[in-house]
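Novice: Before we start, here is the structure in question, set down as structure tokens.
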Amino acid sequence: MKISLSVSDEDYRIVGLAVLAIIIHIFESAIPSPLPGIKPGLANVITLAVFFLFGLRFAVWVTVLRVLVGSIVAGTFLSPTFLLSASGAFFSILVLYLVYQGRGLGLSCVGVAVLASMAHISGQFLVAYLVFIQHEAIFYLLPVLLTVALFFGLATGLIAKQLVMRAEKEIESSARP
Amino acid sequence: MTVGDKFVLSGAVLLIIWSYFFFWAGGGALGQQASVLLKGVAMKTLSLKHYQILEIDGLLGKSRIEVRDGAIRFVTSPCKGKQCIHAGEINKSGQIIACLPNGLSLVVEGGMQYDAINF
């Protein structure tokens, strides 16, 4: 008996984009952070751009692959770091889903990025509180984390916007005979 | 930037400002009691209303703890760094002093802000 897996062009595209996100993810985890738990999350530039260029399904695939493979490469698979990474990803995908259902809600990359980054950190915080540190004192950290999330979300959104604009131009010019 | 973006941004800024006021305001209510924990397990609960001084056995030896004017602190400790003594006194609900070498920590509890701590 022969088992064959057919790989579509779409699969190749998803993998290529996921690899981009994973590379950024890995490079970023090598950058020291002034506060534990604070990370720019630039890999999400790819997720966002993919969401705007190819839609929700692609964005979900890229994120799931990034979290899984990224953690295996970084050696954090199934560790607390992985759980936090996955919960953050889950909550930001939830935002992407809601935006998708709301037909964009009149948001550009920037708005979606800020919304997703705030959801990302809130979700992570909730999981951190419920699973790891069940002490009210960690709520002192929340305002700081939200502030940082706003700035990194903005940065991610602005970069993704540039990326989407350039990619669209590229696609347009390659479509022209 | 679209109208929706501006809406999201101002919402986020408002949420952040609110969170500073909500989570940082006053640093919590004054606590009514304190627990002494050895390796994270509660050994004793003390009322902060009455002056008292007591010695508790830790991993290295005896630490002296003082309760005065609704606050609690380490007075002496057999540990090397004396971080626990330098931490001074605590009186607000949720505040902690931990002496890791000696395995003892003090946690202030009670007060208006939190009526339960679940573990």
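The chains in the structure tokens are called A, B, ... from first to last as shown; in each chain the residues are counted from 1, and the ligands are counted from 1 in the order shown.
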Could you tell me which residues of chain A sit within 9 Å of chain B when counting only C-alpha atoms, and give me the result as a list in words?
Specialist: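 Putting it all together, I get Leu105, Gly106, Leu107, Ser108, Cys109, Val110, Gly111, Val112, Val114, Leu115, Met118, Gln134, His135, Glu136, Ala137, Phe139, Tyr140, Leu141, Leu142, Pro143, Val144, Leu146, Thr147, Leu150 and Leu154 of chain A.
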Novice: Output as JSON, numbers by chain all residues of chain B that backbone DSSP marks as alpha helix (DSSP H).
Specialist: {"B": [3, 4, 5, 6, 7, 8, 9, 10, 11, 12, 13, 14, 15, 16, 17, 18, 19, 20, 21, 22, 23, 24, 83, 84, 85, 86]}
Novice: Just the residues within 12 Å of Ala59 of chain A, please, counting only C-alpha atoms, with nothing from its chain fewer than 2 positions along; format it as an mmCIF file with C-alpha atoms, in the first residue's frame.
Specialist:
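Resulting contents of around-v1.cif:
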```
data_model
loop_
_atom_site.group_PDB
_atom_site.id
_atom_site.type_symbol
_atom_site.label_atom_id
_atom_site.label_comp_id
_atom_site.auth_asym_id
_atom_site.auth_seq_id
_atom_site.Cartn_x
_atom_site.Cartn_y
_atom_site.Cartn_z
ATOM 1 C CA ARG A 13 3.151 29.371 0.264
ATOM 2 C CA ILE A 14 2.012 28.822 3.867
ATOM 3 C CA VAL A 15 5.263 27.065 4.740
ATOM 4 C CA LEU A 17 5.571 32.487 5.075
ATOM 5 C CA ALA A 18 5.682 30.488 8.312
ATOM 6 C CA ALA A 21 7.858 34.264 10.835
ATOM 7 C CA ALA A 43 7.080 37.863 13.903
ATOM 8 C CA ASN A 44 3.517 39.106 13.991
ATOM 9 C CA VAL A 45 4.372 41.499 11.166
ATOM 10 C CA ILE A 46 4.254 38.411 8.978
ATOM 11 C CA THR A 47 1.002 37.168 10.522
ATOM 12 C CA LEU A 48 -0.634 40.546 9.979
ATOM 13 C CA ALA A 49 0.604 40.975 6.434
ATOM 14 C CA VAL A 50 -0.532 37.438 5.620
ATOM 15 C CA PHE A 51 -3.931 38.178 7.129
ATOM 16 C CA PHE A 52 -4.358 41.224 4.913
ATOM 17 C CA LEU A 53 -2.896 39.676 1.776
ATOM 18 C CA PHE A 54 -4.192 36.102 1.927
ATOM 19 C CA GLY A 55 -6.910 36.010 4.579
ATOM 20 C CA LEU A 56 -7.659 34.459 7.938
ATOM 21 C CA ARG A 57 -6.963 30.806 7.074
ATOM 22 C CA TRP A 61 -1.748 28.407 9.706
ATOM 23 C CA VAL A 62 1.282 30.667 9.811
ATOM 24 C CA THR A 63 0.722 31.430 13.499
ATOM 25 C CA VAL A 64 0.187 27.809 14.526
ATOM 26 C CA LEU A 65 3.304 26.711 12.650
ATOM 27 C CA ARG A 66 5.311 29.601 14.058
ATOM 28 C CA ALA A 89 -1.318 33.572 19.799
ATOM 29 C CA PHE A 90 -4.754 32.127 20.536
ATOM 30 C CA SER A 92 -4.698 37.435 18.874
ATOM 31 C CA ILE A 93 -6.108 34.932 16.383
ATOM 32 C CA LEU A 94 -9.444 35.375 18.131
ATOM 33 C CA VAL A 95 -9.193 39.092 17.365
ATOM 34 C CA LEU A 96 -8.309 38.366 13.735
ATOM 35 C CA TYR A 97 -11.349 36.064 13.568
ATOM 36 C CA TYR A 100 -12.655 38.869 9.699
#
```
Novice: Could you please determine the separation between atom CA of Ser122 of chain A and atom CA of Ile159 of chain A in Å, to one decimal place?
Specialist: 22.4 Å
Novice: Quick one: distance from atom CA of Gly104 of chain A to atom CA of Ser87 of chain A in Å, one decimal?
Specialist: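 Result for atom CA of Gly104 of chain A versus atom CA of Ser87 of chain A: 23.1 Å, one decimal.
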Novice: Nearest to Arg64 of chain B: which of B:Val36, B:Val108, B:Leu100, B:Leu48 is it, counting only C-alpha atoms?
Specialist: B:Val36
Novice: Please report the interatomic distance between atom CA of Cys79 of chain B and atom CA of Gly61 of chain B in Å with one decimal.
Specialist: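 Straight-line distance from atom CA of Cys79 of chain B to atom CA of Gly61 of chain B works out to 8.4 Å.
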Novice: Measuring atom to atom with only C-alpha atoms, identify which of A:Met1, A:Thr81, A:Ala74, A:Leu68 is nearest to Glu28 of chain A.
Specialist: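 So, comparing all the options, the nearest one is A:Ala74.
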Novice: May I have the residues within 8 Å of Lys49 of chain B as a PyMOL selection string, using only C-alpha atoms and disregarding those fewer than 5 positions away in the same chain?
Specialist: chain B and resi 32-33+68-70
Novice: Would you export the selected residues with N, CA and C atoms as a PDB file, in the first residue's frame, please?
Specialist:
```
ATOM      1  N   GLN B  32      -5.239  43.635  57.407  1.00  0.00           N
ATOM      2  CA  GLN B  32      -5.616  43.466  58.804  1.00  0.00           C
ATOM      3  C   GLN B  32      -4.828  42.368  59.497  1.00  0.00           C
ATOM      4  N   GLN B  33      -4.309  41.464  58.687  1.00  0.00           N
ATOM      5  CA  GLN B  33      -3.537  40.390  59.295  1.00  0.00           C
ATOM      6  C   GLN B  33      -2.379  40.016  58.388  1.00  0.00           C
ATOM      7  N   ARG B  68       3.889  46.122  64.480  1.00  0.00           N
ATOM      8  CA  ARG B  68       3.701  47.383  65.188  1.00  0.00           C
ATOM      9  C   ARG B  68       2.913  48.346  64.315  1.00  0.00           C
ATOM     10  N   ASP B  69       1.958  49.030  64.880  1.00  0.00           N
ATOM     11  CA  ASP B  69       1.169  50.040  64.169  1.00  0.00           C
ATOM     12  C   ASP B  69       0.613  49.520  62.854  1.00  0.00           C
ATOM     13  N   GLY B  70       0.101  48.315  62.854  1.00  0.00           N
ATOM     14  CA  GLY B  70      -0.535  47.764  61.652  1.00  0.00           C
ATOM     15  C   GLY B  70       0.430  47.326  60.572  1.00  0.00           C
TER      16      GLY B  70
END
```
